[in-house]
Each structure stands twice: as C-alpha cells, then as structure tokens.
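This is upload-v9.csv (CSV, C-alpha atoms).
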```csv
chain,number,residue,atom,x,y,z
A,1,MET,CA,186.7,-34.8,15.3
A,2,THR,CA,187.0,-33.0,18.6
A,3,ILE,CA,188.4,-29.5,18.5
A,4,LEU,CA,190.0,-28.4,21.7
A,5,SER,CA,190.3,-24.7,22.2
A,6,LYS,CA,193.6,-23.1,21.2
A,7,GLU,CA,194.0,-21.7,24.7
A,8,ALA,CA,193.5,-25.2,26.3
A,9,GLU,CA,196.2,-26.6,24.0
A,10,GLU,CA,198.6,-23.9,25.0
A,11,ILE,CA,198.0,-24.8,28.7
A,12,LEU,CA,198.7,-28.4,27.9
A,13,LYS,CA,201.9,-27.5,26.1
A,14,LYS,CA,203.0,-25.4,29.1
A,15,TYR,CA,202.7,-28.3,31.6
A,16,PHE,CA,203.2,-31.5,29.6
A,17,ILE,CA,205.3,-33.1,27.0
A,18,TYR,CA,203.2,-35.1,24.6
A,19,ASP,CA,203.4,-36.4,21.0
A,20,GLU,CA,199.9,-35.6,20.0
A,21,LEU,CA,196.3,-35.3,21.3
A,22,ILE,CA,194.7,-38.7,20.7
A,23,ASP,CA,191.0,-38.2,20.0
A,24,LEU,CA,189.2,-41.4,21.1
A,25,LEU,CA,186.4,-40.5,18.7
A,26,ASP,CA,188.7,-41.5,15.9
A,27,TYR,CA,189.2,-45.0,17.4
A,28,ASP,CA,186.3,-46.0,19.6
A,29,LEU,CA,184.6,-48.0,17.0
A,30,ASP,CA,187.8,-49.9,16.2
A,31,MET,CA,190.1,-49.8,19.2
A,32,TYR,CA,192.7,-52.1,17.5
A,33,LYS,CA,193.7,-49.0,15.4
A,34,LEU,CA,194.5,-47.3,18.7
A,35,GLN,CA,196.6,-50.3,19.7
A,36,ASP,CA,198.7,-49.6,16.6
A,37,LYS,CA,198.9,-45.9,17.4
A,38,LEU,CA,200.0,-46.5,21.0
A,39,ASN,CA,202.5,-49.0,20.0
A,40,GLN,CA,204.1,-46.4,17.7
A,41,LEU,CA,204.1,-43.8,20.5
A,42,LYS,CA,205.2,-45.9,23.5
A,43,LYS,CA,208.7,-45.4,24.7
A,44,ASP,CA,211.2,-47.2,27.0
A,45,SER,CA,211.1,-44.4,29.5
A,46,TYR,CA,209.2,-41.2,29.9
A,47,PRO,CA,210.1,-37.8,31.3
A,48,PRO,CA,208.1,-37.0,34.5
A,49,ASN,CA,205.8,-34.6,32.7
A,50,TYR,CA,205.3,-36.8,29.6
A,51,ARG,CA,201.6,-37.7,29.0
A,52,PHE,CA,199.6,-39.7,26.6
A,53,ILE,CA,196.7,-37.3,26.3
A,54,PHE,CA,193.3,-38.7,25.2
A,55,LEU,CA,190.2,-36.6,24.3
A,56,LEU,CA,186.9,-38.2,25.2
A,57,TYR,CA,184.3,-35.6,24.5
A,58,ASP,CA,181.7,-37.7,22.7
A,59,THR,CA,179.3,-40.2,24.1
A,60,GLU,CA,180.3,-43.6,25.5
A,61,TYR,CA,178.5,-46.9,25.2
A,62,TYR,CA,177.5,-48.0,28.6
A,63,LEU,CA,176.0,-51.5,29.3
A,64,ASP,CA,175.6,-50.6,32.9
A,65,HIS,CA,175.7,-47.1,34.4
A,66,ARG,CA,177.7,-48.3,37.4
A,67,LEU,CA,180.5,-49.7,35.1
A,68,PRO,CA,182.9,-47.9,32.7
A,69,GLY,CA,181.9,-47.5,29.1
A,70,PHE,CA,183.4,-49.6,26.4
A,71,THR,CA,186.0,-47.0,25.3
A,72,VAL,CA,187.4,-46.6,28.8
A,73,LEU,CA,187.4,-50.3,29.4
A,74,ASN,CA,189.2,-51.0,26.0
A,75,LEU,CA,191.6,-48.2,26.6
A,76,GLN,CA,192.6,-49.6,30.0
A,77,ARG,CA,193.0,-53.1,28.5
A,78,LEU,CA,195.2,-51.7,25.7
A,79,LEU,CA,197.4,-49.7,28.0
A,80,SER,CA,197.9,-52.7,30.2
A,81,SER,CA,198.7,-55.0,27.3
A,82,LEU,CA,201.3,-52.5,26.0
A,83,ASP,CA,202.8,-51.9,29.4
A,84,ILE,CA,202.1,-48.2,29.3
A,85,PRO,CA,201.7,-46.9,32.9
A,86,ASN,CA,198.4,-45.2,33.8
A,87,TYR,CA,200.5,-42.5,35.5
A,88,PHE,CA,201.5,-41.1,32.1
A,89,CYS,CA,198.0,-41.1,30.8
A,90,LEU,CA,195.4,-38.4,31.0
A,91,ILE,CA,191.9,-38.2,29.6
A,92,LEU,CA,190.3,-34.9,28.9
A,93,SER,CA,186.5,-35.1,29.0
A,94,GLN,CA,183.3,-33.1,29.6
A,95,GLN,CA,182.1,-35.7,32.2
A,96,ASP,CA,183.7,-36.6,35.4
A,97,ILE,CA,184.7,-40.3,34.8
A,98,THR,CA,187.1,-40.7,37.7
A,99,ASP,CA,185.0,-43.5,39.3
A,100,LYS,CA,184.9,-45.3,36.0
A,101,LEU,CA,188.6,-45.0,35.5
A,102,LYS,CA,189.2,-46.3,39.0
A,103,TYR,CA,187.0,-49.3,38.3
A,104,ALA,CA,188.8,-50.0,35.0
A,105,GLN,CA,192.2,-49.8,36.7
A,106,GLU,CA,191.1,-52.2,39.5
A,107,THR,CA,189.5,-54.8,37.1
A,108,GLN,CA,191.6,-54.5,33.9
A,109,SER,CA,195.1,-53.8,35.1
A,110,ASN,CA,197.8,-54.3,37.7
A,111,ASP,CA,198.6,-50.6,37.8
A,112,THR,CA,198.6,-48.8,41.2
A,113,VAL,CA,196.9,-45.6,39.9
A,114,PRO,CA,194.0,-45.0,37.6
A,115,ILE,CA,194.3,-43.0,34.4
A,116,ALA,CA,193.9,-39.4,35.3
A,117,ASN,CA,190.9,-37.4,34.3
A,118,ILE,CA,190.5,-33.6,33.8
A,119,THR,CA,187.0,-32.5,33.1
A,120,ASN,CA,186.2,-29.3,31.3
A,121,MET,CA,184.0,-27.7,28.8
A,122,LEU,CA,186.8,-26.6,26.5
A,123,ASN,CA,185.8,-28.5,23.4
A,124,TRP,CA,184.8,-25.2,21.8
A,125,PRO,CA,183.2,-23.8,19.9
A,126,ILE,CA,180.1,-25.8,20.9
A,127,TYR,CA,177.7,-23.2,19.5
A,128,HIS,CA,178.4,-19.6,18.5
A,129,PRO,CA,176.2,-16.9,20.0
A,130,LEU,CA,175.4,-14.2,17.5
A,131,ASP,CA,177.4,-11.1,18.5
A,132,ASP,CA,174.8,-8.6,17.3
A,133,ASP,CA,172.0,-10.1,19.5
A,134,LYS,CA,171.5,-7.5,22.1
A,135,THR,CA,167.8,-7.6,22.4
A,136,LEU,CA,165.4,-9.9,24.1
A,137,SER,CA,162.8,-9.7,21.3
A,138,ASN,CA,160.1,-11.2,23.5
A,139,ASP,CA,157.6,-9.6,21.1
A,140,LEU,CA,158.7,-12.2,18.5
A,141,ILE,CA,157.3,-15.0,20.7
A,142,SER,CA,154.4,-16.6,18.9
A,143,LYS,CA,154.7,-20.2,20.1
A,144,LYS,CA,154.7,-21.5,23.7
A,145,PHE,CA,157.6,-23.9,23.2
A,146,ILE,CA,160.0,-25.5,20.7
A,147,THR,CA,161.5,-28.9,20.6
A,148,LEU,CA,163.5,-30.0,17.6
A,149,ASN,CA,164.3,-33.7,17.3
A,150,ARG,CA,165.9,-34.1,13.9
A,151,ILE,CA,167.6,-37.4,14.7
A,152,THR,CA,165.5,-40.2,16.3
A,153,ARG,CA,166.4,-41.3,19.8
A,154,PHE,CA,164.2,-43.2,22.1
A,155,HIS,CA,163.7,-40.3,24.7
A,156,ARG,CA,162.8,-38.0,21.9
A,157,ARG,CA,160.2,-40.4,20.6
A,158,VAL,CA,158.7,-40.8,24.1
A,159,LEU,CA,158.6,-37.0,24.5
A,160,VAL,CA,156.9,-36.3,21.2
A,161,SER,CA,154.4,-39.1,21.7
A,162,LEU,CA,153.5,-37.6,25.1
A,163,LEU,CA,153.1,-34.2,23.7
A,164,LEU,CA,150.8,-35.5,21.0
A,165,LYS,CA,148.8,-37.6,23.5
A,166,ARG,CA,148.3,-34.6,25.8
A,167,ASN,CA,147.4,-32.4,22.8
A,168,LEU,CA,150.3,-30.0,23.6
A,169,ALA,CA,152.2,-30.3,20.3
A,170,ASP,CA,150.1,-27.6,18.5
A,171,ASP,CA,151.0,-25.0,21.1
A,172,GLY,CA,154.6,-25.4,20.1
A,173,MET,CA,157.0,-26.0,17.3
A,174,VAL,CA,157.7,-29.7,17.2
A,175,SER,CA,159.8,-31.8,14.9
A,176,TYR,CA,160.8,-35.5,15.0
A,177,ASN,CA,162.8,-37.6,12.5
A,178,ASN,CA,163.0,-35.0,9.8
A,179,ALA,CA,166.7,-35.2,9.0
A,180,GLU,CA,167.3,-34.8,5.3
B,181,MET,CA,204.5,-49.6,12.5
B,182,GLN,CA,204.1,-53.3,12.8
B,183,ASN,CA,201.7,-54.5,10.2
B,184,ASN,CA,201.4,-58.0,11.5
B,185,MET,CA,200.7,-57.2,15.1
B,186,ASN,CA,199.3,-59.8,17.3
B,187,TYR,CA,196.1,-58.4,18.6
B,188,ALA,CA,196.2,-60.5,21.7
B,189,VAL,CA,194.2,-58.2,23.9
B,190,ASP,CA,190.4,-58.9,24.2
B,191,LEU,CA,188.4,-55.8,23.5
B,192,CYS,CA,184.7,-55.1,23.8
B,193,TYR,CA,183.0,-54.9,20.5
B,194,LEU,CA,179.9,-53.1,19.4
B,195,SER,CA,177.7,-55.0,17.1
B,196,THR,CA,176.4,-51.7,15.6
B,197,ASN,CA,178.2,-48.6,14.7
B,198,THR,CA,176.8,-46.6,17.6
B,199,ARG,CA,178.2,-44.9,20.6
B,200,ILE,CA,175.0,-44.8,22.5
B,201,ASN,CA,173.1,-47.5,24.3
B,202,GLU,CA,169.6,-46.1,24.2
B,203,LYS,CA,167.8,-49.0,25.8
B,204,TRP,CA,165.6,-48.3,28.8
B,205,ASN,CA,162.3,-49.9,29.6
B,206,LEU,CA,159.1,-48.0,30.1
B,207,LYS,CA,157.6,-49.3,33.3
B,208,SER,CA,154.0,-48.2,33.0
B,209,ASP,CA,151.5,-49.7,30.6
B,210,GLU,CA,150.1,-46.3,30.0
B,211,PHE,CA,153.5,-45.0,28.7
B,212,ARG,CA,154.1,-48.1,26.7
B,213,ALA,CA,150.7,-47.7,24.9
B,214,ILE,CA,151.3,-44.0,24.2
B,215,VAL,CA,154.7,-44.6,22.8
B,216,SER,CA,153.8,-47.6,20.7
B,217,ALA,CA,151.1,-45.5,19.0
B,218,PHE,CA,154.0,-43.3,17.7
B,219,PRO,CA,156.3,-45.8,16.0
B,220,ALA,CA,160.1,-45.1,15.9
B,221,ASN,CA,160.1,-44.3,12.2
B,222,SER,CA,157.3,-41.8,12.4
B,223,LYS,CA,158.0,-38.3,11.0
B,224,TYR,CA,156.5,-35.2,12.5
B,225,LYS,CA,156.9,-31.5,11.9
B,226,ASN,CA,154.3,-28.9,12.6
B,227,PHE,CA,156.0,-25.7,11.4
B,228,PHE,CA,157.5,-24.3,8.3
B,229,GLU,CA,161.2,-23.6,8.1
B,230,PRO,CA,162.5,-21.7,5.0
B,231,LYS,CA,165.7,-23.1,3.5
B,232,VAL,CA,168.4,-20.6,3.7
B,233,GLU,CA,172.2,-20.5,3.4
B,234,ASP,CA,173.0,-18.9,6.7
B,235,ALA,CA,171.9,-21.8,9.0
B,236,ILE,CA,172.9,-20.2,12.2
B,237,SER,CA,170.9,-16.9,11.7
B,238,SER,CA,167.9,-18.9,10.5
B,239,ASP,CA,168.1,-21.2,13.5
B,240,HIS,CA,168.4,-18.1,15.7
B,241,ALA,CA,165.3,-16.5,14.2
B,242,LEU,CA,163.4,-19.7,14.7
B,243,ASN,CA,164.5,-20.0,18.3
B,244,LYS,CA,163.3,-16.5,19.1
B,245,GLN,CA,159.8,-17.4,18.0
B,246,ALA,CA,159.2,-19.7,21.0
B,247,PHE,CA,159.2,-19.1,24.7
B,248,LEU,CA,160.3,-22.3,26.3
B,249,HIS,CA,163.1,-24.4,24.7
B,250,VAL,CA,162.7,-28.1,25.3
B,251,VAL,CA,166.2,-29.3,24.7
B,252,THR,CA,166.4,-33.0,23.9
B,253,GLU,CA,170.1,-33.7,24.5
B,254,THR,CA,171.9,-36.5,22.7
B,255,VAL,CA,171.6,-38.8,25.7
B,256,PHE,CA,169.0,-39.2,28.3
B,257,ASN,CA,169.3,-42.5,30.2
B,258,TYR,CA,173.0,-42.0,30.8
B,259,PRO,CA,175.3,-42.1,33.8
B,260,THR,CA,176.6,-38.6,33.5
B,261,PRO,CA,175.3,-35.3,32.1
B,262,PHE,CA,176.3,-34.6,28.5
B,263,PHE,CA,176.2,-31.3,26.7
B,264,SER,CA,176.0,-30.8,23.0
B,265,GLU,CA,175.4,-27.6,21.1
B,266,LYS,CA,171.7,-28.1,21.7
B,267,THR,CA,171.8,-26.9,25.3
B,268,PHE,CA,173.5,-23.7,24.2
B,269,LYS,CA,171.0,-22.7,21.5
B,270,PRO,CA,168.4,-21.3,23.9
B,271,ILE,CA,171.1,-19.6,25.9
B,272,SER,CA,172.4,-17.9,22.7
B,273,SER,CA,168.8,-16.9,21.8
B,274,LYS,CA,168.0,-15.6,25.3
B,275,ARG,CA,165.2,-18.0,26.0
B,276,PRO,CA,164.5,-20.2,29.0
B,277,PHE,CA,164.8,-24.0,28.8
B,278,VAL,CA,164.1,-27.4,30.2
B,279,ILE,CA,166.5,-30.2,29.4
B,280,VAL,CA,165.5,-33.7,28.5
B,281,GLY,CA,168.9,-35.1,29.5
B,282,ALA,CA,170.7,-37.2,32.1
B,283,GLN,CA,169.9,-36.8,35.7
B,284,GLY,CA,171.9,-33.8,37.1
B,285,THR,CA,172.3,-32.0,33.9
B,286,LEU,CA,170.9,-28.7,35.3
B,287,SER,CA,173.0,-29.1,38.4
B,288,VAL,CA,176.2,-29.3,36.3
B,289,LEU,CA,175.1,-26.3,34.3
B,290,ARG,CA,174.7,-24.4,37.5
B,291,SER,CA,178.1,-25.6,38.8
B,292,VAL,CA,179.8,-24.0,35.8
B,293,GLY,CA,178.0,-20.7,36.5
B,294,PHE,CA,174.7,-20.7,34.5
B,295,LYS,CA,171.4,-19.8,36.1
B,296,THR,CA,168.4,-22.1,35.6
B,297,PHE,CA,164.7,-21.4,36.1
B,298,SER,CA,163.6,-22.9,39.5
B,299,ASP,CA,162.1,-19.5,40.4
B,300,TYR,CA,159.6,-20.0,37.6
B,301,TRP,CA,158.8,-23.7,37.5
B,302,ASP,CA,159.6,-27.0,39.1
B,303,GLU,CA,163.0,-28.2,38.2
B,304,SER,CA,162.9,-31.3,40.4
B,305,TYR,CA,162.9,-33.4,37.2
B,306,ASP,CA,166.7,-32.8,37.2
B,307,GLU,CA,167.1,-34.8,40.4
B,308,THR,CA,164.8,-37.6,39.4
B,309,SER,CA,166.7,-40.8,38.7
B,310,ASP,CA,164.0,-42.8,37.0
B,311,PRO,CA,164.0,-41.9,33.3
B,312,GLU,CA,160.3,-42.3,32.8
B,313,ASP,CA,159.4,-40.2,35.9
B,314,ARG,CA,162.0,-37.6,34.8
B,315,LEU,CA,160.5,-37.3,31.4
B,316,ALA,CA,156.9,-37.1,32.8
B,317,LYS,CA,158.0,-34.2,35.0
B,318,VAL,CA,159.4,-32.3,32.1
B,319,VAL,CA,156.1,-32.8,30.2
B,320,ASP,CA,154.3,-31.5,33.3
B,321,VAL,CA,156.4,-28.3,33.0
B,322,ILE,CA,155.5,-28.0,29.3
B,323,GLU,CA,151.9,-28.5,30.1
B,324,ASP,CA,152.0,-25.7,32.7
B,325,ILE,CA,153.5,-23.4,30.2
B,326,CYS,CA,150.9,-24.3,27.6
B,327,ASP,CA,148.2,-23.3,30.1
B,328,ARG,CA,149.3,-19.7,29.8
B,329,SER,CA,148.6,-17.3,27.0
B,330,VAL,CA,151.3,-16.2,24.5
B,331,ASP,CA,150.9,-12.7,25.9
B,332,ASP,CA,151.6,-13.9,29.4
B,333,LEU,CA,154.6,-15.8,28.2
B,334,ARG,CA,156.0,-12.6,26.5
B,335,LYS,CA,155.6,-10.9,29.9
B,336,LEU,CA,157.2,-13.8,31.7
B,337,CYS,CA,160.1,-13.7,29.3
B,338,LEU,CA,160.6,-10.0,30.0
B,339,SER,CA,160.5,-10.7,33.7
B,340,MET,CA,163.4,-13.2,33.2
B,341,GLU,CA,165.5,-10.7,31.2
B,342,ASP,CA,168.2,-10.4,33.8
B,343,VAL,CA,168.7,-14.2,34.0
B,344,LEU,CA,168.7,-14.5,30.2
B,345,ASN,CA,171.2,-11.7,29.7
B,346,TYR,CA,173.4,-13.1,32.4
B,347,ASN,CA,173.4,-16.6,30.8
B,348,LEU,CA,174.3,-15.2,27.4
B,349,ASN,CA,177.0,-13.1,28.8
B,350,HIS,CA,178.4,-16.0,30.8
B,351,TYR,CA,178.3,-18.2,27.8
B,352,SER,CA,179.9,-15.7,25.5
B,353,HIS,CA,182.6,-14.4,27.8
B,354,ASN,CA,183.0,-15.8,31.3
B,355,LEU,CA,182.6,-19.5,30.9
B,356,LYS,CA,185.6,-20.0,28.8
B,357,ILE,CA,187.8,-17.9,31.1
B,358,SER,CA,186.7,-19.8,34.2
B,359,GLU,CA,187.0,-23.1,32.5
B,360,LEU,CA,190.5,-22.3,31.3
B,361,GLU,CA,191.5,-21.3,34.9
B,362,LYS,CA,190.1,-24.5,36.3
B,363,PHE,CA,191.8,-26.5,33.5
B,364,GLU,CA,195.2,-24.9,34.2
B,365,ASN,CA,194.9,-25.6,37.9
B,366,ALA,CA,194.0,-29.3,37.2
B,367,CYS,CA,197.0,-29.6,34.8
B,368,GLN,CA,199.3,-28.2,37.4
B,369,GLU,CA,197.9,-30.6,40.0
B,370,ASN,CA,198.3,-33.6,37.7
B,371,LEU,CA,202.0,-33.1,37.8
B,372,ASN,CA,202.0,-33.8,41.6
B,373,PRO,CA,203.0,-37.4,42.4
B,374,ARG,CA,199.9,-39.7,42.6
B,375,HIS,CA,199.9,-42.4,45.1
B,376,VAL,CA,197.7,-45.5,45.6
```
Could I get this file's structure written as structure tokens?
Amino acid sequence: MTILSKEAEEILKKYFIYDELIDLLDYDLDMYKLQDKLNQLKKDSYPPNYRFIFLLYDTEYYLDHRLPGFTVLNLQRLLSSLDIPNYFCLILSQQDITDKLKYAQETQSNDTVPIANITNMLNWPIYHPLDDDKTLSNDLISKKFITLNRITRFHRRVLVSLLLKRNLADDGMVSYNNAE
Amino acid sequence: MQNNMNYAVDLCYLSTNTRINEKWNLKSDEFRAIVSAFPANSKYKNFFEPKVEDAISSDHALNKQAFLHVVTETVFNYPTPFFSEKTFKPISSKRPFVIVGAQGTLSVLRSVGFKTFSDYWDESYDETSDPEDRLAKVVDVIEDICDRSVDDLRKLCLSMEDVLNYNLNHYSHNLKISELEKFENACQENLNPRHV
C-alpha cells in the first residue's frame, strides 16, 4: 500500500474533487478488479476539477523500455472501454512517464489528450533519518564498503559474483539472498 | 457493483506474480562465466548482525561501520530511475554511496537537490546505458575504494563531511518542502485546459 504524505493529500484536496486515491499497487496484478472499481466511480458528467487520481509509486513490468509498462497500458485500455476521458485522469508517480502515457493514448484510445502525470517524491516516509544522529562517526568505519542484497535480483547476483571473483568481498560487508 | 460484468476489454497478463521484468542478457563470455559460477539460489553473508527489536537503530549502527554504501536498488535494467528506501539509508547514516540502479539515477537525485560524489570518484556509470558496462564501472569504483586503507577512508569520509551533512539535512528537511512546492504548482497547472 502506498502512503502519500498528508500534506500532499491536502494539496490534492485544495485543487481537485475526487472520490478516492486509487493505488494501482492494489490492482496491477489483477486489473479487472480496477475495472469494477472504475465502473463504480464513473459518472455521466464531471465538474471541471474532478479527477480520477491514480498512485503509481511501485515498479512497472516493462517488456520493452520504449513502450509503456503493463499497468499503464491496461489502465488506458480500461479507461477507453469505460468511456472515461483521459482529461479527468491523473497519475501521481515517482518517475516521469509522460512519454509512456502519450504512447498509450495514441495506441490504445481515441482520446485527444493523454492521462496527465505529476511526478514527485512524496510517497513518504521512504526511510526515517534518526533525529539524534548529529555526528559523522567516521571512527566507526571498519569496513571499506557495504552492500546488502537480502532479496535476490539478477543485478544483485551479478554484482556479488563480480565482487567474489575480484576478491573484493572480504573488504566489505556483503550479503545475498539471506531473507528469513 | 455489477457482479456479472462482461470483461470485454483485453488486458495484458503476467504469468507470474511479479512487477519486475528482470531479464537482460550478459554480452561477454567472461561475465557469463563469472555469474554462472554463482547460482541464483546461492546464499552469502560475510558479517554478523545481532538480532534486535529496534531494526532501524540496528540498521543505522551497521551502516556506520562501512565507508562506501553500494546501494542495489530494486530495479537496474529499467527505463526510468526508481528510488526505494535503500537509496536513503546511506544519506541517513552520513555515508557516501554508489547506486546500482537504472541509468540516470544519480542525475535525478541531483535534480531534486542532493549532492553526489563526482569530486571523489568516477560517476560516469550513471550515464552508461548498457547494463553490463554500467555494473562493471560500479565495480571499478568499489575496487578503487578497496585499494585504500581503512584509515585513509576514515579521513576521506571526514573530508566529505560538508556534503554528507548537507545531504542528511536536505533529506530530513528541505526535500519535502521543495517537493510539495513543485507538487502544488503541478496541480495548479493541471487545471489549465489541455489541448492536443
């Protein structure tokens, strides 16, 4: 579940009318559930500042980097099938996906404008700094580097295998695939 | 809600419950040989981490023990930079970092006000589009760091203190303020009529 900062929600409420924030993370693995949701929310007409507001702060599944990811493609197809104009849709995301949304509009809809995108890093708190940490504590350094790779991913595997091959791992703190 | 909806629209389906397409091919035989010697299900950990209840403080204490943080972001071969909590751990612990992430990750970090470490090592990996070359360049940076003594790295860390303090302060206070300002402007702009 994505948590948007309270202040960001206040700004949204100041400018837009919306029924709810729709977190695509709740739907991206089964977008037909989103079809049900949008069908419930769609209206015959919308005030000018009404928006369907979607949160897309997680990763997307891309088959090809030049094309939109599955979630964006599916969303555009659903909006078109339900006759919800892109004009009244807004995606909040960390990444700038305007080119992907334009491609989706052009290939998956007859709409004249793409879904709008506002990028930001307001899906806080990402990670809390410790308030009492005022010191550099460089004297605590006993290892040259650290890389923690609890969950396996291919790039992590390549990295750790290179560190081992070049005999660098022992100079650092290295973990791989140690999720409990 | 209509229970018997006709799902007429064709949607893309994932065969697995994943949001990430990790596939990318290693181009060099040397890389392929190195990676195949370390199978995907291998387990590795070369340090001891005591189990404690306060995970954040424990994490922080561990992070302080190392000089360079090699952040392996959630995605690597990906069309746009992606930031998880991993990128912000070294910033919170006042340590320098390299990021094994999508091309342009450092560039986006700088665009939202953070400082990176090009005065101290080669950060051209961030502009390198080929994933294998990008990763190899990151490992070159790690190798350069490993060529120095721990004592040298403590001194280097001290010489970076202004940057490390700046980054923590920016993360704790200014980033959110500037992001909210940009966000409000963008919301306001979104209300302007959009044309083809």
Find the residues with any atom within 10 Å of (176.6, -39.3, 32.5); use all atoms listed in the file and the coordinates as given in the file, and write the answer as a PDB file with C-alpha atoms, in the coordinates of the input.
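Saved result, part_16.pdb, follows:
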```pdb
ATOM      1  CA  THR A  59     179.300 -40.200  24.100  1.00  0.00           C
ATOM      2  CA  GLU A  60     180.300 -43.600  25.500  1.00  0.00           C
ATOM      3  CA  TYR A  62     177.500 -48.000  28.600  1.00  0.00           C
ATOM      4  CA  HIS A  65     175.700 -47.100  34.400  1.00  0.00           C
ATOM      5  CA  GLN A  94     183.300 -33.100  29.600  1.00  0.00           C
ATOM      6  CA  GLN A  95     182.100 -35.700  32.200  1.00  0.00           C
ATOM      7  CA  ASP A  96     183.700 -36.600  35.400  1.00  0.00           C
ATOM      8  CA  ILE A  97     184.700 -40.300  34.800  1.00  0.00           C
TER       9      ILE A  97
ATOM     10  CA  VAL B 255     171.600 -38.800  25.700  1.00  0.00           C
ATOM     11  CA  PHE B 256     169.000 -39.200  28.300  1.00  0.00           C
ATOM     12  CA  ASN B 257     169.300 -42.500  30.200  1.00  0.00           C
ATOM     13  CA  TYR B 258     173.000 -42.000  30.800  1.00  0.00           C
ATOM     14  CA  PRO B 259     175.300 -42.100  33.800  1.00  0.00           C
ATOM     15  CA  THR B 260     176.600 -38.600  33.500  1.00  0.00           C
ATOM     16  CA  PRO B 261     175.300 -35.300  32.100  1.00  0.00           C
ATOM     17  CA  PHE B 262     176.300 -34.600  28.500  1.00  0.00           C
ATOM     18  CA  PHE B 263     176.200 -31.300  26.700  1.00  0.00           C
ATOM     19  CA  GLY B 281     168.900 -35.100  29.500  1.00  0.00           C
ATOM     20  CA  ALA B 282     170.700 -37.200  32.100  1.00  0.00           C
ATOM     21  CA  GLN B 283     169.900 -36.800  35.700  1.00  0.00           C
ATOM     22  CA  GLY B 284     171.900 -33.800  37.100  1.00  0.00           C
ATOM     23  CA  THR B 285     172.300 -32.000  33.900  1.00  0.00           C
TER      24      THR B 285
END
```
### Query
Which chain A residues are at most 7 Å from chain B (counting all atoms listed in the file), as a ChimeraX atom specification?
/A:8,11,15,29,40,49,59-62,65,70,74,77-78,81,95,112-113,118,120-122,126-127,129,136,138-147,149,154-158,161-162,165,168,171,173-178
### Query
Smallest atom-to-atom distance to A:Tyr87: which of A:Val160, A:Ala116, A:Ala104, A:Leu63, using only C-alpha atoms?
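Using only C-alpha atoms, A:Tyr87 sits closest to A:Ala116.
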### Task
Write out as a list in words the residues lying within 12 Å of A:Thr2, counting only C-alpha atoms and excluding same-chain residues fewer than 5 positions away.
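Result of the neighbour search: Leu21, Ile22, Asp23, Leu24, Leu25, Asp26, Phe54, Leu55, Leu56, Tyr57, Asp58, Thr59, Leu92, Ser93, Gln94, Met121, Leu122, Asn123, Trp124, Pro125 and Ile126 of chain A.
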Got time to write the residues from that selection, C-alpha atoms, as a PDB file, keeping the file's coordinate frame?
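Result saved to again_16.pdb:
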```pdb
ATOM      1  CA  LEU A  21     196.300 -35.300  21.300  1.00  0.00           C
ATOM      2  CA  ILE A  22     194.700 -38.700  20.700  1.00  0.00           C
ATOM      3  CA  ASP A  23     191.000 -38.200  20.000  1.00  0.00           C
ATOM      4  CA  LEU A  24     189.200 -41.400  21.100  1.00  0.00           C
ATOM      5  CA  LEU A  25     186.400 -40.500  18.700  1.00  0.00           C
ATOM      6  CA  ASP A  26     188.700 -41.500  15.900  1.00  0.00           C
ATOM      7  CA  PHE A  54     193.300 -38.700  25.200  1.00  0.00           C
ATOM      8  CA  LEU A  55     190.200 -36.600  24.300  1.00  0.00           C
ATOM      9  CA  LEU A  56     186.900 -38.200  25.200  1.00  0.00           C
ATOM     10  CA  TYR A  57     184.300 -35.600  24.500  1.00  0.00           C
ATOM     11  CA  ASP A  58     181.700 -37.700  22.700  1.00  0.00           C
ATOM     12  CA  THR A  59     179.300 -40.200  24.100  1.00  0.00           C
ATOM     13  CA  LEU A  92     190.300 -34.900  28.900  1.00  0.00           C
ATOM     14  CA  SER A  93     186.500 -35.100  29.000  1.00  0.00           C
ATOM     15  CA  GLN A  94     183.300 -33.100  29.600  1.00  0.00           C
ATOM     16  CA  MET A 121     184.000 -27.700  28.800  1.00  0.00           C
ATOM     17  CA  LEU A 122     186.800 -26.600  26.500  1.00  0.00           C
ATOM     18  CA  ASN A 123     185.800 -28.500  23.400  1.00  0.00           C
ATOM     19  CA  TRP A 124     184.800 -25.200  21.800  1.00  0.00           C
ATOM     20  CA  PRO A 125     183.200 -23.800  19.900  1.00  0.00           C
ATOM     21  CA  ILE A 126     180.100 -25.800  20.900  1.00  0.00           C
TER      22      ILE A 126
END
```
### Message
Under the rule that all atoms listed in the file are counted, which of B:Val343, B:Lys231, B:Asp306, B:Asp320 is the nearest residue to B:Phe294?
### Response
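Once distances to B:Phe294 are computed over all atoms listed in the file, the minimum belongs to B:Val343.
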#### Entry: For atom CA of A:Leu79 and atom CA of A:Tyr46, the interatomic separation in Å (one decimal)
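These two atoms are separated by 14.7 Å.
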### Task
In Å, rounded to a single decimal, give me how far atom CA of A:Tyr32 is from atom CA of A:Ile84.
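Spanning atom CA of A:Ile84 to atom CA of A:Tyr32 is a straight-line distance of 15.6 Å.
Picture a line from atom CA of A:Leu159 to atom CA of B:Ile279; it runs 11.5 Å.
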